[in-house]
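File shown: model-v5.cif (mmCIF, C-alpha atoms and all ligand atoms).
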data_query
#
loop_
_atom_site.label_atom_id
_atom_site.label_comp_id
_atom_site.auth_asym_id
_atom_site.auth_seq_id
_atom_site.Cartn_x
_atom_site.Cartn_y
_atom_site.Cartn_z
CA MET A 64 24.29 39.38 -29.71
CA THR A 65 25.93 42.52 -31.08
CA SER A 66 29.63 43.33 -31.00
CA LYS A 67 31.53 46.56 -31.59
CA LYS A 68 34.33 47.39 -33.97
CA ILE A 69 36.19 50.59 -33.03
CA LEU A 70 37.28 52.79 -35.95
CA THR A 71 38.66 56.29 -36.38
CA LEU A 72 38.10 59.11 -38.88
CA VAL A 73 40.36 62.19 -39.08
CA PHE A 74 39.55 65.37 -40.98
CA VAL A 75 42.34 67.85 -41.73
CA LYS A 76 41.09 71.40 -41.84
CA GLU A 77 42.59 74.65 -43.11
CA PRO A 78 40.66 77.94 -43.22
CA GLY A 79 37.74 77.45 -45.62
CA LYS A 80 38.78 74.01 -46.79
CA ILE A 81 38.89 70.38 -45.76
CA LEU A 82 41.09 67.48 -46.88
CA LEU A 83 39.20 64.41 -48.06
CA GLY A 84 40.49 61.10 -49.39
CA MET A 85 38.98 58.98 -52.17
CA LYS A 86 38.95 55.41 -50.79
CA LYS A 87 40.67 53.28 -53.47
CA ARG A 88 39.90 49.80 -52.07
CA GLY A 89 38.04 47.92 -49.39
CA PHE A 90 35.20 49.18 -47.18
CA GLY A 91 33.83 52.50 -48.47
CA GLN A 92 35.69 52.18 -51.79
CA GLY A 93 34.67 54.88 -54.29
CA ARG A 94 33.61 57.42 -51.65
CA TRP A 95 35.37 60.53 -50.31
CA ASN A 96 35.94 60.36 -46.57
CA GLY A 97 38.26 61.33 -43.76
CA PHE A 98 41.37 59.29 -43.04
CA GLY A 99 41.19 56.46 -40.55
CA GLY A 100 40.54 52.83 -39.88
CA LYS A 101 40.97 50.20 -37.21
CA VAL A 102 42.50 50.72 -33.76
CA GLU A 103 45.23 48.14 -33.17
CA LYS A 104 45.87 46.18 -29.97
CA GLY A 105 48.11 48.11 -27.58
CA GLU A 106 47.35 51.58 -28.99
CA THR A 107 44.89 54.18 -27.79
CA ILE A 108 42.12 55.42 -30.09
CA LEU A 109 44.01 58.71 -30.43
CA GLU A 110 47.25 56.90 -31.34
CA GLY A 111 45.35 54.79 -33.86
CA ALA A 112 43.83 57.90 -35.45
CA LYS A 113 47.25 59.56 -35.81
CA ARG A 114 48.77 56.34 -37.22
CA GLU A 115 46.02 55.89 -39.82
CA LEU A 116 46.24 59.55 -40.89
CA LEU A 117 49.99 59.17 -41.47
CA GLU A 118 49.66 55.79 -43.23
CA GLU A 119 46.79 56.93 -45.49
CA SER A 120 47.86 60.51 -46.28
CA GLY A 121 51.50 61.05 -45.28
CA ILE A 122 50.39 63.77 -42.87
CA THR A 123 51.52 63.87 -39.24
CA ALA A 124 49.06 65.40 -36.80
CA ASN A 125 50.75 67.16 -33.87
CA SER A 126 47.38 67.25 -32.12
CA LEU A 127 43.85 65.98 -32.78
CA ASN A 128 40.57 67.33 -31.42
CA ARG A 129 37.78 64.87 -30.70
CA VAL A 130 34.65 66.20 -32.44
CA GLY A 131 32.23 63.30 -32.54
CA LEU A 132 31.29 59.72 -31.80
CA ILE A 133 29.05 57.87 -34.28
CA ASN A 134 27.64 54.37 -33.96
CA PHE A 135 26.77 52.82 -37.33
CA GLU A 136 24.55 49.76 -37.40
CA PHE A 137 23.50 47.69 -40.42
CA GLU A 138 20.24 45.74 -40.60
CA ASN A 139 20.85 42.01 -40.10
CA ASP A 140 24.50 42.61 -39.08
CA PRO A 141 25.53 42.11 -35.44
CA VAL A 142 28.68 44.24 -35.73
CA ILE A 143 28.21 47.89 -34.75
CA LEU A 144 30.88 50.32 -36.00
CA GLU A 145 31.89 52.75 -33.23
CA VAL A 146 33.59 55.54 -35.16
CA HIS A 147 35.58 58.20 -33.31
CA ILE A 148 35.75 61.43 -35.33
CA PHE A 149 38.70 63.82 -35.00
CA LYS A 150 39.61 67.16 -36.55
CA THR A 151 43.03 68.79 -36.80
CA SER A 152 44.62 71.92 -38.19
CA ASP A 153 47.96 71.30 -36.45
CA CYS A 154 49.81 69.08 -38.94
CA ILE A 155 53.14 68.48 -40.61
CA GLY A 156 53.54 67.46 -44.25
CA SER A 157 51.63 67.66 -47.51
CA PRO A 158 49.06 65.03 -48.46
CA ILE A 159 50.28 62.24 -50.74
CA GLU A 160 48.38 59.52 -52.59
CA THR A 161 48.71 56.09 -50.97
CA GLU A 162 47.47 52.61 -51.80
CA GLU A 163 44.38 53.34 -49.69
CA MET A 164 43.52 56.97 -50.44
CA ARG A 165 43.75 59.70 -53.06
CA PRO A 166 43.74 63.03 -51.18
CA GLN A 167 42.10 66.24 -52.41
CA TRP A 168 41.30 69.60 -50.79
CA TYR A 169 37.68 70.76 -50.99
CA ALA A 170 36.24 74.17 -50.20
CA GLU A 171 33.86 73.91 -47.25
CA ASP A 172 30.97 75.05 -49.45
CA SER A 173 31.60 72.52 -52.24
CA ILE A 174 31.95 69.18 -50.51
CA PRO A 175 31.09 66.26 -52.84
CA PHE A 176 28.34 64.82 -50.63
CA ASN A 177 26.93 62.89 -53.63
CA GLN A 178 30.17 60.88 -53.67
CA MET A 179 30.28 60.32 -49.91
CA TRP A 180 28.48 58.20 -47.31
CA PRO A 181 24.80 59.32 -47.09
CA ASP A 182 25.12 60.30 -43.42
CA ASP A 183 27.88 62.87 -43.97
CA HIS A 184 25.72 65.82 -44.98
CA LEU A 185 23.77 65.35 -41.73
CA TRP A 186 26.69 65.61 -39.30
CA PHE A 187 29.31 67.64 -41.19
CA PRO A 188 27.59 70.91 -40.08
CA TYR A 189 28.26 69.91 -36.45
CA MET A 190 31.96 69.32 -37.29
CA PHE A 191 32.26 72.66 -39.13
CA SER A 192 30.57 74.60 -36.34
CA ASN A 193 32.82 73.02 -33.68
CA LYS A 194 29.85 71.38 -31.98
CA ILE A 195 30.84 68.15 -30.26
CA PHE A 196 28.24 65.54 -31.15
CA GLU A 197 27.14 61.96 -30.72
CA ALA A 198 25.14 60.18 -33.42
CA TYR A 199 23.59 56.89 -34.44
CA PHE A 200 22.75 55.70 -37.94
CA LEU A 201 20.91 52.51 -38.89
CA PHE A 202 21.76 51.50 -42.48
CA LYS A 203 19.97 49.14 -44.87
CA GLY A 204 22.79 48.11 -47.15
CA MET A 205 25.44 50.70 -47.90
CA ASP A 206 23.26 53.48 -49.30
CA VAL A 207 19.99 53.76 -47.32
CA ILE A 208 19.63 55.29 -43.83
CA VAL A 209 16.63 53.70 -42.09
CA SER A 210 16.82 55.86 -38.98
CA HIS A 211 19.21 58.18 -37.19
CA TRP A 212 19.69 60.69 -34.42
CA ILE A 213 22.35 63.34 -33.71
CA LYS A 214 22.76 65.20 -30.43
CA GLU A 215 25.14 67.95 -29.39
CA MET A 216 27.25 67.05 -26.34
CA LYS A 217 29.10 69.14 -23.78
CA ASN A 218 31.95 66.60 -24.11
CA LEU A 219 32.45 63.02 -25.30
C1 LIG B 301 28.58 53.01 -42.23
C2 LIG B 301 29.64 54.09 -42.29
C3 LIG B 301 30.98 53.76 -42.02
C4 LIG B 301 31.95 54.76 -42.08
C5 LIG B 301 33.34 54.47 -41.76
C6 LIG B 301 34.05 53.34 -41.95
C7 LIG B 301 35.35 53.55 -41.50
C8 LIG B 301 35.37 54.77 -41.00
O1 LIG B 301 34.14 55.38 -41.19
C9 LIG B 301 31.57 56.04 -42.44
O2 LIG B 301 32.33 57.18 -42.60
C10 LIG B 301 31.45 58.14 -42.94
N1 LIG B 301 31.83 59.43 -43.19
N2 LIG B 301 30.19 57.71 -43.00
C11 LIG B 301 30.25 56.37 -42.70
C12 LIG B 301 29.26 55.38 -42.64
#

Please rewrite the model in this file as structure tokens.
Amino acid sequence: MTSKKILTLVFVKEPGKILLGMKKRGFGQGRWNGFGGKVEKGETILEGAKRELLEESGITANSLNRVGLINFEFENDPVILEVHIFKTSDCIGSPIETEEMRPQWYAEDSIPFNQMWPDDHLWFPYMFSNKIFEAYFLFKGMDVIVSHWIKEMKNL
């Protein structure tokens, strides 16, 4: 019997560069990623994404664009992570380090994929080319992708 945990990921974009955060503790610690986390009771997924971006980076998004939906499954784990991916270039504030994340800008052509989740290099091209996508990844542990698919969508 599987269950779903809904999470968000927000990527802040400026021409030619992307803001990533080094996760300082908890799930995904030691990897660069977007900003996000759980969706709380009583908030929409969009509201949760904006809240997590502000909490983790100090940045306020005036608007977010939905770019992808990824389901992550782990072998021998009934909880599937349903991760809603957003992108924004319409923000207020400069990134600050928080307890959760250490922010850093990266040029689009020098993203530290070797210090990120192993799926990222597979779907980042969809995000950069403004292709809305849906994806599924089956993990064995935290580092090995057993199987996956990615498909471009007209909308989510
Ligand atoms: C298995 C997995 C989980 C996440 C995640 C957790 C919280 C938000 O996202 C990932 O994020 C990325 N980029 N790859 C990921 C793989």

Determine, for each residue of chain A having at least one atom at most 8 Å from an atom of ligand LIG 301 (chain B), the closest pair of atoms and their separation in Å to one decimal, counting all atoms listed in the file; order by chain and ascending number, as a tab-separated table.
residue	atom	partner	partner_atom	distance
A:Leu70	CA	B:LIG301	C8	5.8
A:Thr71	CA	B:LIG301	C8	5.9
A:Leu72	CA	B:LIG301	C8	5.5
A:Phe90	CA	B:LIG301	C6	6.8
A:Gly91	CA	B:LIG301	C6	6.6
A:Asn96	CA	B:LIG301	N1	5.4
A:Gly97	CA	B:LIG301	N1	6.7
A:Phe98	CA	B:LIG301	C8	7.8
A:Gly99	CA	B:LIG301	C8	6.1
A:Gly100	CA	B:LIG301	C7	5.5
A:Lys101	CA	B:LIG301	C7	7.8
A:Phe135	CA	B:LIG301	C1	5.2
A:Glu136	CA	B:LIG301	C1	7.1
A:Phe137	CA	B:LIG301	C1	7.6
A:Leu144	CA	B:LIG301	C3	6.9
A:Val146	CA	B:LIG301	O1	6.1
A:Met179	CA	B:LIG301	N1	7.0
A:Trp180	CA	B:LIG301	N2	4.7
A:Pro181	CA	B:LIG301	N2	7.0
A:Asp182	CA	B:LIG301	N2	5.7
A:Asp183	CA	B:LIG301	N1	5.3
A:Phe200	CA	B:LIG301	C1	7.7
A:Phe202	CA	B:LIG301	C1	7.0
A:Met205	CA	B:LIG301	C1	6.9

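From CA of Thr65 in chain A back to CA of Lys214 in chain A, the distance works out to 22.9 Å.
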
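Pairwise distance (CA of Arg88 in chain A, CA of Trp168 in chain A) equals 19.9 Å.
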
| said: One number please: CA of Asn193 in chain A to CA of Ile174 in chain A, in Å, one decimal. | reply: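 CA of Ile174 in chain A lies at a distance of 17.3 Å from CA of Asn193 in chain A.
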
| query | Taking into account only C-alpha atoms, which residue in the set A:Glu163, A:Asp153, A:Glu215, A:Glu197 is nearest to Phe74 in chain A? | reply |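 For Phe74 in chain A, the nearest of the candidates is A:Asp153.
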
| field | 12 Å contact set for Pro78 in chain A, all atoms listed in the file, chain neighbours under 2 positions out, as a PyMOL selection string | value | chain A and resi 75-76+80-82+151-153+168-172+191

| request: Choose the residue, out of A:Ser173, A:Gly89, A:Ile143, A:Ile155, that has the smallest atom-to-atom separation from Ser120 in chain A; count only C-alpha atoms. | output: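 Ranking A:Ser173, A:Gly89, A:Ile143, A:Ile155 by distance to Ser120 in chain A, first place goes to A:Ile155.
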
| message | From the options A:Glu145, A:Phe187, A:Phe176, A:Gly121, which residue's atoms come nearest to Thr161 in chain A, counting all atoms listed in the file? | response |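 That would be A:Gly121, the residue with the smallest distance to Thr161 in chain A.
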
| task | Name the residues, using the chain letters and numbers of the file, that sit within 9 Å of (43.6, 58.4, -30.3) when counting all atoms listed in the file, and give them as a PyMOL selection string. | result | chain A and resi 71+102+106-114+127+129+147+149

| said: I want to know what sits within 9 Å of Leu219 in chain A, based on only C-alpha atoms, with residues of the same chain fewer than 4 positions away left out; could you give that as JSON, numbers by chain? | reply: {"A": [129, 130, 131, 132, 195, 196, 197]}

Save out the residues we just selected, C-alpha atoms, as a CSV table (one decimal), in the frame of the given file.
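What ended up in result.csv:
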chain,number,residue,atom,x,y,z
A,129,ARG,CA,37.8,64.9,-30.7
A,130,VAL,CA,34.6,66.2,-32.4
A,131,GLY,CA,32.2,63.3,-32.5
A,132,LEU,CA,31.3,59.7,-31.8
A,195,ILE,CA,30.8,68.2,-30.3
A,196,PHE,CA,28.2,65.5,-31.2
A,197,GLU,CA,27.1,62.0,-30.7

| task | Rank nothing, just name the residue among A:Met216, A:Met85, A:Ile69, A:Cys154 nearest to Val142 in chain A, using all atoms listed in the file. | result |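 Smallest distance to Val142 in chain A is found for A:Ile69.
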
| request: Please return, as a ChimeraX atom specification, all polymer residues that have at least one atom within 7 Å of the point (46.6, 62.8, -45.4); use all atoms listed in the file and the file's own coordinate frame. | output: /A:98,116-117,119-122,158-159,166

| Looking at only C-alpha atoms, which of A:Gln178, A:Asn134, A:Ser66, A:Ser157 is the one that sits closest to His211 in chain A? |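 Checking each of A:Gln178, A:Asn134, A:Ser66, A:Ser157 against His211 in chain A, counting only C-alpha atoms, the winner is A:Asn134.
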